[in-house]
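Okay, query.pdb is below, PDB, C-alpha atoms, pLDDT in the B column:
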ATOM      1  CA  SER A 782      10.138   5.129  15.038  1.00 76.00           C
ATOM      2  CA  SER A 783       6.880   3.348  15.763  1.00 82.00           C
ATOM      3  CA  GLN A 784       4.182   5.814  16.721  1.00 90.00           C
ATOM      4  CA  PHE A 785       1.875   3.329  18.427  1.00 92.00           C
ATOM      5  CA  SER A 786       2.613   0.756  21.098  1.00 92.00           C
ATOM      6  CA  LEU A 787       1.599  -2.866  20.792  1.00 93.00           C
ATOM      7  CA  GLU A 788      -1.177  -2.249  23.299  1.00 96.00           C
ATOM      8  CA  GLU A 789      -2.522   0.729  21.345  1.00 96.00           C
ATOM      9  CA  ILE A 790      -2.606  -1.203  18.081  1.00 96.00           C
ATOM     10  CA  LYS A 791      -4.260  -4.200  19.762  1.00 97.00           C
ATOM     11  CA  ALA A 792      -6.898  -1.884  21.226  1.00 97.00           C
ATOM     12  CA  ALA A 793      -7.551  -0.274  17.826  1.00 97.00           C
ATOM     13  CA  VAL A 794      -7.904  -3.671  16.141  1.00 97.00           C
ATOM     14  CA  GLU A 795     -10.180  -4.930  18.925  1.00 98.00           C
ATOM     15  CA  GLU A 796     -12.414  -1.856  18.742  1.00 98.00           C
ATOM     16  CA  ALA A 797     -12.574  -2.112  14.952  1.00 97.00           C
ATOM     17  CA  GLU A 798     -13.568  -5.773  15.212  1.00 97.00           C
ATOM     18  CA  ASN A 799     -16.277  -4.860  17.733  1.00 97.00           C
ATOM     19  CA  ALA A 800     -17.720  -2.560  15.070  1.00 97.00           C
ATOM     20  CA  ASN A 801     -17.303  -5.171  12.284  1.00 95.00           C
ATOM     21  CA  LEU A 802     -14.504  -3.090  10.785  1.00 95.00           C
ATOM     22  CA  TYR A 803     -10.773  -3.593  10.421  1.00 93.00           C
ATOM     23  CA  VAL A 804      -7.571  -1.605  10.642  1.00 96.00           C
ATOM     24  CA  LEU A 805      -5.361  -0.609   7.713  1.00 96.00           C
ATOM     25  CA  ALA A 806      -1.924   0.647   8.742  1.00 96.00           C
ATOM     26  CA  HIS A 807       0.401   3.155   7.111  1.00 94.00           C
ATOM     27  CA  ALA A 808       3.766   1.733   8.132  1.00 95.00           C
ATOM     28  CA  TYR A 809       7.304   2.029   6.836  1.00 93.00           C
ATOM     29  CA  LEU A 810       9.749   0.179   9.096  1.00 94.00           C
ATOM     30  CA  PRO A 811       9.932  -3.603   9.590  1.00 96.00           C
ATOM     31  CA  LYS A 812       9.407  -3.217  13.350  1.00 95.00           C
ATOM     32  CA  SER A 813       6.267  -1.134  12.881  1.00 95.00           C
ATOM     33  CA  ILE A 814       4.929  -3.407  10.159  1.00 96.00           C
ATOM     34  CA  SER A 815       5.551  -6.566  12.220  1.00 96.00           C
ATOM     35  CA  ARG A 816       3.910  -4.961  15.240  1.00 95.00           C
ATOM     36  CA  ALA A 817       0.840  -4.092  13.162  1.00 96.00           C
ATOM     37  CA  LEU A 818       0.713  -7.546  11.579  1.00 96.00           C
ATOM     38  CA  ASN A 819       0.993  -9.299  14.937  1.00 95.00           C
ATOM     39  CA  CYS A 820      -1.964  -7.264  16.168  1.00 96.00           C
ATOM     40  CA  GLY A 821      -4.175  -8.254  13.234  1.00 96.00           C
ATOM     41  CA  VAL A 822      -4.229  -5.295  10.848  1.00 97.00           C
ATOM     42  CA  ARG A 823      -5.742  -6.142   7.471  1.00 97.00           C
ATOM     43  CA  SER A 824      -3.360  -4.251   5.173  1.00 98.00           C
ATOM     44  CA  ILE A 825      -0.103  -2.369   5.140  1.00 98.00           C
ATOM     45  CA  GLU A 826       0.100   0.846   3.148  1.00 96.00           C
ATOM     46  CA  HIS A 827       3.548   1.977   1.907  1.00 95.00           C
ATOM     47  CA  GLY A 828       5.694  -0.659   3.665  1.00 96.00           C
ATOM     48  CA  THR A 829       8.651   1.261   2.315  1.00 94.00           C
ATOM     49  CA  LEU A 830      11.484  -0.449   4.205  1.00 95.00           C
ATOM     50  CA  MET A 831       9.913  -3.883   4.576  1.00 96.00           C
ATOM     51  CA  ASP A 832      12.371  -6.749   4.908  1.00 97.00           C
ATOM     52  CA  GLU A 833      12.134 -10.419   3.850  1.00 97.00           C
ATOM     53  CA  GLU A 834      10.960 -11.560   7.286  1.00 97.00           C
ATOM     54  CA  THR A 835       8.131  -9.025   7.289  1.00 97.00           C
ATOM     55  CA  ILE A 836       7.120  -9.966   3.750  1.00 98.00           C
ATOM     56  CA  GLU A 837       6.944 -13.618   4.806  1.00 98.00           C
ATOM     57  CA  LEU A 838       4.830 -12.672   7.827  1.00 97.00           C
ATOM     58  CA  MET A 839       2.437 -10.754   5.551  1.00 97.00           C
ATOM     59  CA  LYS A 840       2.167 -13.715   3.227  1.00 97.00           C
ATOM     60  CA  ASN A 841       1.526 -16.174   6.063  1.00 96.00           C
ATOM     61  CA  ARG A 842      -1.153 -13.951   7.597  1.00 95.00           C
ATOM     62  CA  GLY A 843      -2.858 -13.164   4.271  1.00 95.00           C
ATOM     63  CA  THR A 844      -2.315  -9.458   4.866  1.00 98.00           C
ATOM     64  CA  TYR A 845      -2.773  -7.189   1.862  1.00 98.00           C
ATOM     65  CA  TYR A 846      -0.144  -4.731   0.640  1.00 98.00           C
ATOM     66  CA  VAL A 847      -1.105  -1.306  -0.729  1.00 98.00           C
ATOM     67  CA  PRO A 848       2.180  -0.020  -2.146  1.00 96.00           C
ATOM     68  CA  THR A 849       1.501   3.641  -3.086  1.00 94.00           C
ATOM     69  CA  ILE A 850       4.474   3.727  -5.458  1.00 96.00           C
ATOM     70  CA  SER A 851       3.222   7.003  -6.930  1.00 94.00           C
ATOM     71  CA  ALA A 852       3.605   8.690  -3.544  1.00 93.00           C
ATOM     72  CA  GLY A 853       7.227   7.569  -3.345  1.00 93.00           C
ATOM     73  CA  GLU A 854       7.958   8.679  -6.905  1.00 94.00           C
ATOM     74  CA  PHE A 855       6.312  12.059  -6.296  1.00 94.00           C
ATOM     75  CA  VAL A 856       8.236  12.703  -3.088  1.00 94.00           C
ATOM     76  CA  ALA A 857      11.548  11.729  -4.714  1.00 95.00           C
ATOM     77  CA  ASP A 858      10.888  13.952  -7.748  1.00 95.00           C
ATOM     78  CA  LYS A 859       9.875  16.963  -5.648  1.00 95.00           C
ATOM     79  CA  ALA A 860      12.946  16.550  -3.440  1.00 96.00           C
ATOM     80  CA  LEU A 861      15.025  17.536  -6.474  1.00 96.00           C
ATOM     81  CA  ILE A 862      13.352  20.974  -6.605  1.00 96.00           C
ATOM     82  CA  ASP A 863      15.036  23.644  -4.492  1.00 95.00           C
ATOM     83  CA  GLY A 864      12.624  24.992  -1.893  1.00 95.00           C
ATOM     84  CA  TYR A 865       9.843  22.453  -2.464  1.00 95.00           C
ATOM     85  CA  TYR A 866      10.646  20.735   0.834  1.00 95.00           C
ATOM     86  CA  PRO A 867      12.585  22.123   3.781  1.00 96.00           C
ATOM     87  CA  GLU A 868      16.276  21.262   3.449  1.00 95.00           C
ATOM     88  CA  VAL A 869      16.066  18.894   6.411  1.00 95.00           C
ATOM     89  CA  VAL A 870      13.476  16.786   4.505  1.00 93.00           C
ATOM     90  CA  ARG A 871      15.069  16.669   1.043  1.00 95.00           C
ATOM     91  CA  PRO A 872      17.770  14.003   1.599  1.00 94.00           C
ATOM     92  CA  LYS A 873      15.289  11.595   3.190  1.00 92.00           C
ATOM     93  CA  ALA A 874      12.685  12.163   0.451  1.00 93.00           C
ATOM     94  CA  LYS A 875      15.273  11.529  -2.287  1.00 93.00           C
ATOM     95  CA  LYS A 876      16.533   8.374  -0.605  1.00 93.00           C
ATOM     96  CA  ILE A 877      13.318   6.837   0.705  1.00 91.00           C
ATOM     97  CA  GLY A 878      10.834   7.685  -2.077  1.00 89.00           C
ATOM     98  CA  PRO A 879      12.197   5.236  -4.674  1.00 91.00           C
ATOM     99  CA  LYS A 880      12.412   2.405  -2.123  1.00 94.00           C
ATOM    100  CA  ILE A 881       8.660   1.762  -2.352  1.00 94.00           C
ATOM    101  CA  LYS A 882       9.124   0.502  -5.917  1.00 94.00           C
ATOM    102  CA  GLU A 883      11.963  -1.807  -4.808  1.00 95.00           C
ATOM    103  CA  THR A 884       9.845  -3.141  -1.946  1.00 97.00           C
ATOM    104  CA  PHE A 885       6.877  -3.626  -4.273  1.00 97.00           C
ATOM    105  CA  LYS A 886       8.948  -5.947  -6.476  1.00 97.00           C
ATOM    106  CA  LYS A 887       9.949  -8.104  -3.499  1.00 97.00           C
ATOM    107  CA  VAL A 888       6.394  -8.257  -2.127  1.00 98.00           C
ATOM    108  CA  TYR A 889       4.947  -9.038  -5.558  1.00 98.00           C
ATOM    109  CA  ASP A 890       7.516 -11.795  -6.181  1.00 97.00           C
ATOM    110  CA  ALA A 891       6.649 -13.299  -2.771  1.00 97.00           C
ATOM    111  CA  GLY A 892       2.966 -13.605  -3.718  1.00 97.00           C
ATOM    112  CA  VAL A 893       1.479 -11.238  -1.131  1.00 98.00           C
ATOM    113  CA  PRO A 894      -1.940  -9.935  -2.287  1.00 98.00           C
ATOM    114  CA  ILE A 895      -1.542  -6.378  -3.616  1.00 98.00           C
ATOM    115  CA  ALA A 896      -4.349  -3.832  -3.729  1.00 98.00           C
ATOM    116  CA  PHE A 897      -4.122  -0.588  -5.683  1.00 97.00           C
ATOM    117  CA  GLY A 898      -3.634   2.634  -3.752  1.00 93.00           C
ATOM    118  CA  THR A 899      -1.916   5.933  -4.431  1.00 90.00           C
ATOM    119  CA  ASP A 900      -2.010   7.908  -1.187  1.00 86.00           C
ATOM    120  CA  SER A 901      -3.169  10.839  -3.319  1.00 81.00           C
ATOM    121  CA  GLY A 902      -2.902  13.891  -1.247  1.00 79.00           C
ATOM    122  CA  VAL A 903       0.835  13.332  -1.308  1.00 82.00           C
ATOM    123  CA  SER A 904       0.812  13.382  -5.112  1.00 82.00           C
ATOM    124  CA  TYR A 905      -1.682  15.294  -7.233  1.00 82.00           C
ATOM    125  CA  HIS A 906      -5.263  14.100  -7.585  1.00 84.00           C
ATOM    126  CA  GLY A 907      -6.007  13.218 -11.189  1.00 85.00           C
ATOM    127  CA  LYS A 908      -2.617  11.564 -11.650  1.00 88.00           C
ATOM    128  CA  ASN A 909      -3.621   8.377  -9.827  1.00 89.00           C
ATOM    129  CA  ALA A 910      -3.406   6.224 -12.964  1.00 91.00           C
ATOM    130  CA  ARG A 911       0.385   6.540 -12.891  1.00 94.00           C
ATOM    131  CA  GLU A 912       0.301   3.891 -10.184  1.00 95.00           C
ATOM    132  CA  PHE A 913      -0.577   1.316 -12.857  1.00 96.00           C
ATOM    133  CA  THR A 914       2.532   2.272 -14.835  1.00 96.00           C
ATOM    134  CA  TYR A 915       4.766   2.105 -11.780  1.00 97.00           C
ATOM    135  CA  MET A 916       3.397  -1.297 -10.786  1.00 97.00           C
ATOM    136  CA  VAL A 917       4.049  -2.692 -14.268  1.00 98.00           C
ATOM    137  CA  GLU A 918       7.532  -1.123 -14.357  1.00 97.00           C
ATOM    138  CA  ALA A 919       8.245  -2.957 -11.101  1.00 96.00           C
ATOM    139  CA  GLY A 920       7.270  -6.316 -12.601  1.00 97.00           C
ATOM    140  CA  MET A 921       3.512  -6.759 -12.244  1.00 98.00           C
ATOM    141  CA  LEU A 922       1.625  -7.929 -15.325  1.00 98.00           C
ATOM    142  CA  PRO A 923      -0.695  -5.236 -16.777  1.00 96.00           C
ATOM    143  CA  MET A 924      -3.867  -7.266 -16.146  1.00 96.00           C
ATOM    144  CA  GLU A 925      -2.774  -7.949 -12.570  1.00 98.00           C
ATOM    145  CA  ALA A 926      -2.320  -4.199 -12.057  1.00 97.00           C
ATOM    146  CA  ILE A 927      -5.878  -3.597 -13.271  1.00 94.00           C
ATOM    147  CA  GLN A 928      -7.157  -6.412 -11.042  1.00 95.00           C
ATOM    148  CA  SER A 929      -5.332  -4.873  -8.072  1.00 97.00           C
ATOM    149  CA  ALA A 930      -7.609  -1.829  -8.446  1.00 94.00           C
ATOM    150  CA  THR A 931     -10.785  -3.828  -8.992  1.00 92.00           C
ATOM    151  CA  LYS A 932     -10.949  -7.445  -7.853  1.00 94.00           C
ATOM    152  CA  THR A 933      -8.208  -7.377  -5.198  1.00 97.00           C
ATOM    153  CA  ALA A 934      -9.178  -3.977  -3.783  1.00 96.00           C
ATOM    154  CA  SER A 935     -12.792  -5.146  -3.407  1.00 95.00           C
ATOM    155  CA  GLU A 936     -11.578  -8.285  -1.610  1.00 96.00           C
ATOM    156  CA  LEU A 937      -9.458  -6.194   0.760  1.00 97.00           C
ATOM    157  CA  LEU A 938     -12.435  -3.974   1.546  1.00 94.00           C
ATOM    158  CA  GLU A 939     -14.742  -7.015   1.785  1.00 94.00           C
ATOM    159  CA  ILE A 940     -17.149  -5.610  -0.793  1.00 93.00           C
ATOM    160  CA  ASN A 941     -16.410  -8.229  -3.444  1.00 93.00           C
ATOM    161  CA  GLU A 942     -19.935  -9.661  -3.286  1.00 93.00           C
ATOM    162  CA  PHE A 943     -21.126  -6.707  -5.360  1.00 92.00           C
ATOM    163  CA  LEU A 944     -18.054  -4.859  -6.614  1.00 88.00           C
ATOM    164  CA  GLY A 945     -14.762  -5.689  -8.295  1.00 89.00           C
ATOM    165  CA  LEU A 946     -15.781  -7.944 -11.174  1.00 86.00           C
ATOM    166  CA  ILE A 947     -17.723  -7.475 -14.386  1.00 84.00           C
ATOM    167  CA  LYS A 948     -20.580  -9.943 -14.168  1.00 85.00           C
ATOM    168  CA  ILE A 949     -24.339 -10.043 -13.731  1.00 86.00           C
ATOM    169  CA  ASN A 950     -25.703  -8.455 -10.516  1.00 87.00           C
ATOM    170  CA  MET A 951     -22.439  -6.654  -9.760  1.00 88.00           C
ATOM    171  CA  LEU A 952     -22.014  -2.893  -9.687  1.00 87.00           C
ATOM    172  CA  ALA A 953     -20.036  -1.559 -12.617  1.00 73.00           C
ATOM    173  CA  ASP A 954     -16.324  -1.400 -11.944  1.00 55.00           C
ATOM    174  CA  ILE A 955     -14.574  -0.861 -15.247  1.00 66.00           C
ATOM    175  CA  ILE A 956     -11.194   0.666 -15.955  1.00 62.00           C
ATOM    176  CA  ALA A 957     -10.479   1.494 -19.591  1.00 68.00           C
ATOM    177  CA  VAL A 958      -6.869   1.786 -20.693  1.00 64.00           C
TER     178      VAL A 958
END

This structure in structure tokens:
Amino acid sequence: SSQFSLEEIKAAVEEAENANLYVLAHAYLPKSISRALNCGVRSIEHGTLMDEETIELMKNRGTYYVPTISAGEFVADKALIDGYYPEVVRPKAKKIGPKIKETFKKVYDAGVPIAFGTDSGVSYHGKNAREFTYMVEAGMLPMEAIQSATKTASELLEINEFLGLIKINMLADIIAV
């Protein structure tokens, strides 16, 4: 279910704008994602169960997608281990975890801007680079995956005037693979 009302999201976005900031939303269901998009959030993290209508809305609004495929893969893998999650959680984790990768493919094919993110804290720190592999497995070109963590992420965060590219007068932002 949606945890915030339309009014609460609008208020959060308005307050963020008053402080020259923006809102990034962790959202899973089409209703929650649409609600966040209609209130002006800048990006959707996870977007696990996004539908075609929501993807089109993201594209039309120029909203960024931060897929966190590694979080979904981690949750699905750990759901296979007896006792890792409470029994009430395991079926949902097994079913929902892999859906992020499926959603990623649809969002990518639609041309929505995608920024790199792992939601580490769900998965182990230090394993963040697996996100690149998962993005490529889901259809993204390797260079686009690297750019999602550099150029596109800096655009999302509005720090691309000094970060995200390798060129004179920019801060270093290099990923070696």

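Near Ala852 in chain A, within a cut-off of 8 Å and counting only C-alpha atoms, sit the residues Thr849, Ile850, Glu854, Phe855, Val856, Gly878, Thr899, Asp900, Ser901, Val903 and Ser904 of chain A, with same-chain residues fewer than 2 positions away left out.
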
Please produce a file of those selected residues containing C-alpha atoms, as a PDB file, in the coordinates of the input.
ATOM      1  CA  THR A 849       1.501   3.641  -3.086  1.00 94.00           C
ATOM      2  CA  ILE A 850       4.474   3.727  -5.458  1.00 96.00           C
ATOM      3  CA  GLU A 854       7.958   8.679  -6.905  1.00 94.00           C
ATOM      4  CA  PHE A 855       6.312  12.059  -6.296  1.00 94.00           C
ATOM      5  CA  VAL A 856       8.236  12.703  -3.088  1.00 94.00           C
ATOM      6  CA  GLY A 878      10.834   7.685  -2.077  1.00 89.00           C
ATOM      7  CA  THR A 899      -1.916   5.933  -4.431  1.00 90.00           C
ATOM      8  CA  ASP A 900      -2.010   7.908  -1.187  1.00 86.00           C
ATOM      9  CA  SER A 901      -3.169  10.839  -3.319  1.00 81.00           C
ATOM     10  CA  VAL A 903       0.835  13.332  -1.308  1.00 82.00           C
ATOM     11  CA  SER A 904       0.812  13.382  -5.112  1.00 82.00           C
TER      12      SER A 904
END

Answer as a list in words, residues within 9 Å of (-0.4, 3.8, -6.2) using all atoms listed in the file:
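The answer, in the requested form, is Val847, Pro848, Thr849, Ile850, Ser851, Ala852, Gly853, Ala896, Phe897, Gly898, Thr899, Asp900, Ser901, Asn909, Ala910, Arg911, Glu912, Phe913, Tyr915 and Met916 of chain A.
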
Please write as an MDAnalysis selection string the full residue list that the PyMOL selection byres ((chain A and resi 819) around 10) yields on this file.
chainID A and resid 787 790:791 813:818 820:822 838:839 842

Quick one: distance from CA of Leu944 in chain A to CA of Tyr845 in chain A in Å, one decimal?
17.6 Å

How would you write as a ChimeraX atom specification the residues that get within 12 Å of (0.2, -14.3, -4.8) in the file's frame, counting only C-alpha atoms?
/A:836-837,839-841,843-846,887-896,921,925,929,933

Taking into account all atoms listed in the file, which residue in the set A:Tyr865, A:Phe943, A:Tyr809, A:Phe885 is nearest to Glu918 in chain A?
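For Glu918 in chain A, the nearest of the candidates is A:Phe885.
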
Can you list what the PyMOL selection byres ((chain A and resi 803) around 12) grabs from this structure, as a list in words?
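For this structure, the PyMOL selection byres ((chain A and resi 803) around 12) resolves to Ile790, Lys791, Ala792, Ala793, Val794, Glu795, Glu796, Ala797, Glu798, Asn799, Ala800, Asn801, Leu802, Val804, Leu805, Ala806, Ala817, Cys820, Gly821, Val822, Arg823, Ser824, Ile825, Thr844, Leu937, Leu938 and Glu939 of chain A.
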
How far is it from CA of Lys886 in chain A to CA of Ala808 in chain A, in Å with one decimal?
17.3 Å

Picked residues, the PyMOL selection byres ((chain A and resi 931) around 10), as a PDB file with C-alpha atoms, in the coordinates of the input:
ATOM      1  CA  ALA A 896      -4.349  -3.832  -3.729  1.00 98.00           C
ATOM      2  CA  PHE A 897      -4.122  -0.588  -5.683  1.00 97.00           C
ATOM      3  CA  GLU A 925      -2.774  -7.949 -12.570  1.00 98.00           C
ATOM      4  CA  ALA A 926      -2.320  -4.199 -12.057  1.00 97.00           C
ATOM      5  CA  ILE A 927      -5.878  -3.597 -13.271  1.00 94.00           C
ATOM      6  CA  GLN A 928      -7.157  -6.412 -11.042  1.00 95.00           C
ATOM      7  CA  SER A 929      -5.332  -4.873  -8.072  1.00 97.00           C
ATOM      8  CA  ALA A 930      -7.609  -1.829  -8.446  1.00 94.00           C
ATOM      9  CA  LYS A 932     -10.949  -7.445  -7.853  1.00 94.00           C
ATOM     10  CA  THR A 933      -8.208  -7.377  -5.198  1.00 97.00           C
ATOM     11  CA  ALA A 934      -9.178  -3.977  -3.783  1.00 96.00           C
ATOM     12  CA  SER A 935     -12.792  -5.146  -3.407  1.00 95.00           C
ATOM     13  CA  GLU A 936     -11.578  -8.285  -1.610  1.00 96.00           C
ATOM     14  CA  ASN A 941     -16.410  -8.229  -3.444  1.00 93.00           C
ATOM     15  CA  LEU A 944     -18.054  -4.859  -6.614  1.00 88.00           C
ATOM     16  CA  GLY A 945     -14.762  -5.689  -8.295  1.00 89.00           C
ATOM     17  CA  LEU A 946     -15.781  -7.944 -11.174  1.00 86.00           C
ATOM     18  CA  ILE A 947     -17.723  -7.475 -14.386  1.00 84.00           C
ATOM     19  CA  ASP A 954     -16.324  -1.400 -11.944  1.00 55.00           C
ATOM     20  CA  ILE A 955     -14.574  -0.861 -15.247  1.00 66.00           C
ATOM     21  CA  ILE A 956     -11.194   0.666 -15.955  1.00 62.00           C
TER      22      ILE A 956
END

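The space separating CA of Leu810 in chain A from CA of Leu830 in chain A comes to 5.2 Å.
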
Between A:Leu952, A:Met924, A:Ala857, A:Tyr905, which is the closest to Ile881 in chain A once you count only C-alpha atoms?
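That would be A:Ala857, the residue with the smallest distance to Ile881 in chain A.
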
Taking all heavy atoms as the atom set, what does range 870-880 of chain A look like once completed, written as a short mmCIF file (atom, residue, chain, number, x, y, z; two decimals), keeping the file's coordinate frame?
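Saved to rebuild_11.cif:
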data_model
loop_
_atom_site.label_atom_id
_atom_site.label_comp_id
_atom_site.auth_asym_id
_atom_site.auth_seq_id
_atom_site.Cartn_x
_atom_site.Cartn_y
_atom_site.Cartn_z
N VAL A 870 14.31 17.87 5.03
CA VAL A 870 13.48 16.79 4.50
C VAL A 870 14.03 16.22 3.20
O VAL A 870 13.88 15.03 2.92
CB VAL A 870 12.03 17.29 4.30
CG1 VAL A 870 11.17 16.26 3.58
CG2 VAL A 870 11.41 17.68 5.62
N ARG A 871 14.66 17.05 2.41
CA ARG A 871 15.07 16.67 1.04
C ARG A 871 15.90 15.40 0.96
O ARG A 871 15.59 14.51 0.14
CB ARG A 871 15.81 17.82 0.37
CG ARG A 871 14.86 18.93 -0.05
CD ARG A 871 15.61 20.06 -0.70
NE ARG A 871 16.02 19.66 -2.04
CZ ARG A 871 16.79 20.40 -2.81
NH1 ARG A 871 17.26 21.56 -2.37
NH2 ARG A 871 17.12 19.99 -4.00
N PRO A 872 16.96 15.23 1.74
CA PRO A 872 17.77 14.00 1.60
C PRO A 872 16.95 12.73 1.86
O PRO A 872 17.09 11.74 1.14
CB PRO A 872 18.88 14.17 2.64
CG PRO A 872 18.95 15.64 2.91
CD PRO A 872 17.55 16.16 2.71
N LYS A 873 16.11 12.77 2.88
CA LYS A 873 15.29 11.60 3.19
C LYS A 873 14.30 11.31 2.06
O LYS A 873 14.14 10.17 1.65
CB LYS A 873 14.54 11.82 4.51
CG LYS A 873 13.68 10.65 4.90
CD LYS A 873 12.95 10.90 6.21
CE LYS A 873 12.03 9.76 6.54
NZ LYS A 873 11.23 10.01 7.73
N ALA A 874 13.66 12.35 1.53
CA ALA A 874 12.68 12.16 0.45
C ALA A 874 13.35 11.58 -0.79
O ALA A 874 12.80 10.68 -1.44
CB ALA A 874 12.01 13.49 0.12
N LYS A 875 14.54 12.05 -1.12
CA LYS A 875 15.27 11.53 -2.29
C LYS A 875 15.66 10.07 -2.09
O LYS A 875 15.61 9.27 -3.02
CB LYS A 875 16.55 12.35 -2.53
CG LYS A 875 16.32 13.63 -3.28
CD LYS A 875 17.63 14.22 -3.76
CE LYS A 875 18.14 15.22 -2.77
NZ LYS A 875 19.30 15.99 -3.25
N LYS A 876 16.05 9.73 -0.89
CA LYS A 876 16.53 8.37 -0.60
C LYS A 876 15.39 7.38 -0.43
O LYS A 876 15.43 6.26 -0.95
CB LYS A 876 17.39 8.40 0.66
CG LYS A 876 17.96 7.07 1.06
CD LYS A 876 18.78 7.18 2.33
CE LYS A 876 19.30 5.81 2.75
NZ LYS A 876 20.01 5.87 4.01
N ILE A 877 14.38 7.76 0.31
CA ILE A 877 13.32 6.84 0.70
C ILE A 877 12.24 6.67 -0.37
O ILE A 877 11.74 5.57 -0.58
CB ILE A 877 12.67 7.28 2.04
CG1 ILE A 877 13.71 7.28 3.15
CG2 ILE A 877 11.47 6.42 2.40
CD1 ILE A 877 14.30 5.94 3.47
N GLY A 878 11.90 7.74 -1.07
CA GLY A 878 10.83 7.68 -2.08
C GLY A 878 10.93 6.51 -3.04
O GLY A 878 9.98 5.73 -3.19
N PRO A 879 12.08 6.33 -3.70
CA PRO A 879 12.20 5.24 -4.67
C PRO A 879 12.17 3.84 -4.06
O PRO A 879 11.97 2.86 -4.76
CB PRO A 879 13.56 5.50 -5.33
CG PRO A 879 13.89 6.91 -5.03
CD PRO A 879 13.22 7.22 -3.73
N LYS A 880 12.36 3.72 -2.77
CA LYS A 880 12.41 2.40 -2.12
C LYS A 880 11.07 1.68 -2.17
O LYS A 880 11.03 0.45 -2.11
CB LYS A 880 12.92 2.53 -0.70
CG LYS A 880 14.38 2.94 -0.65
CD LYS A 880 15.04 2.50 0.61
CE LYS A 880 16.50 2.88 0.63
NZ LYS A 880 17.32 2.02 -0.19
#
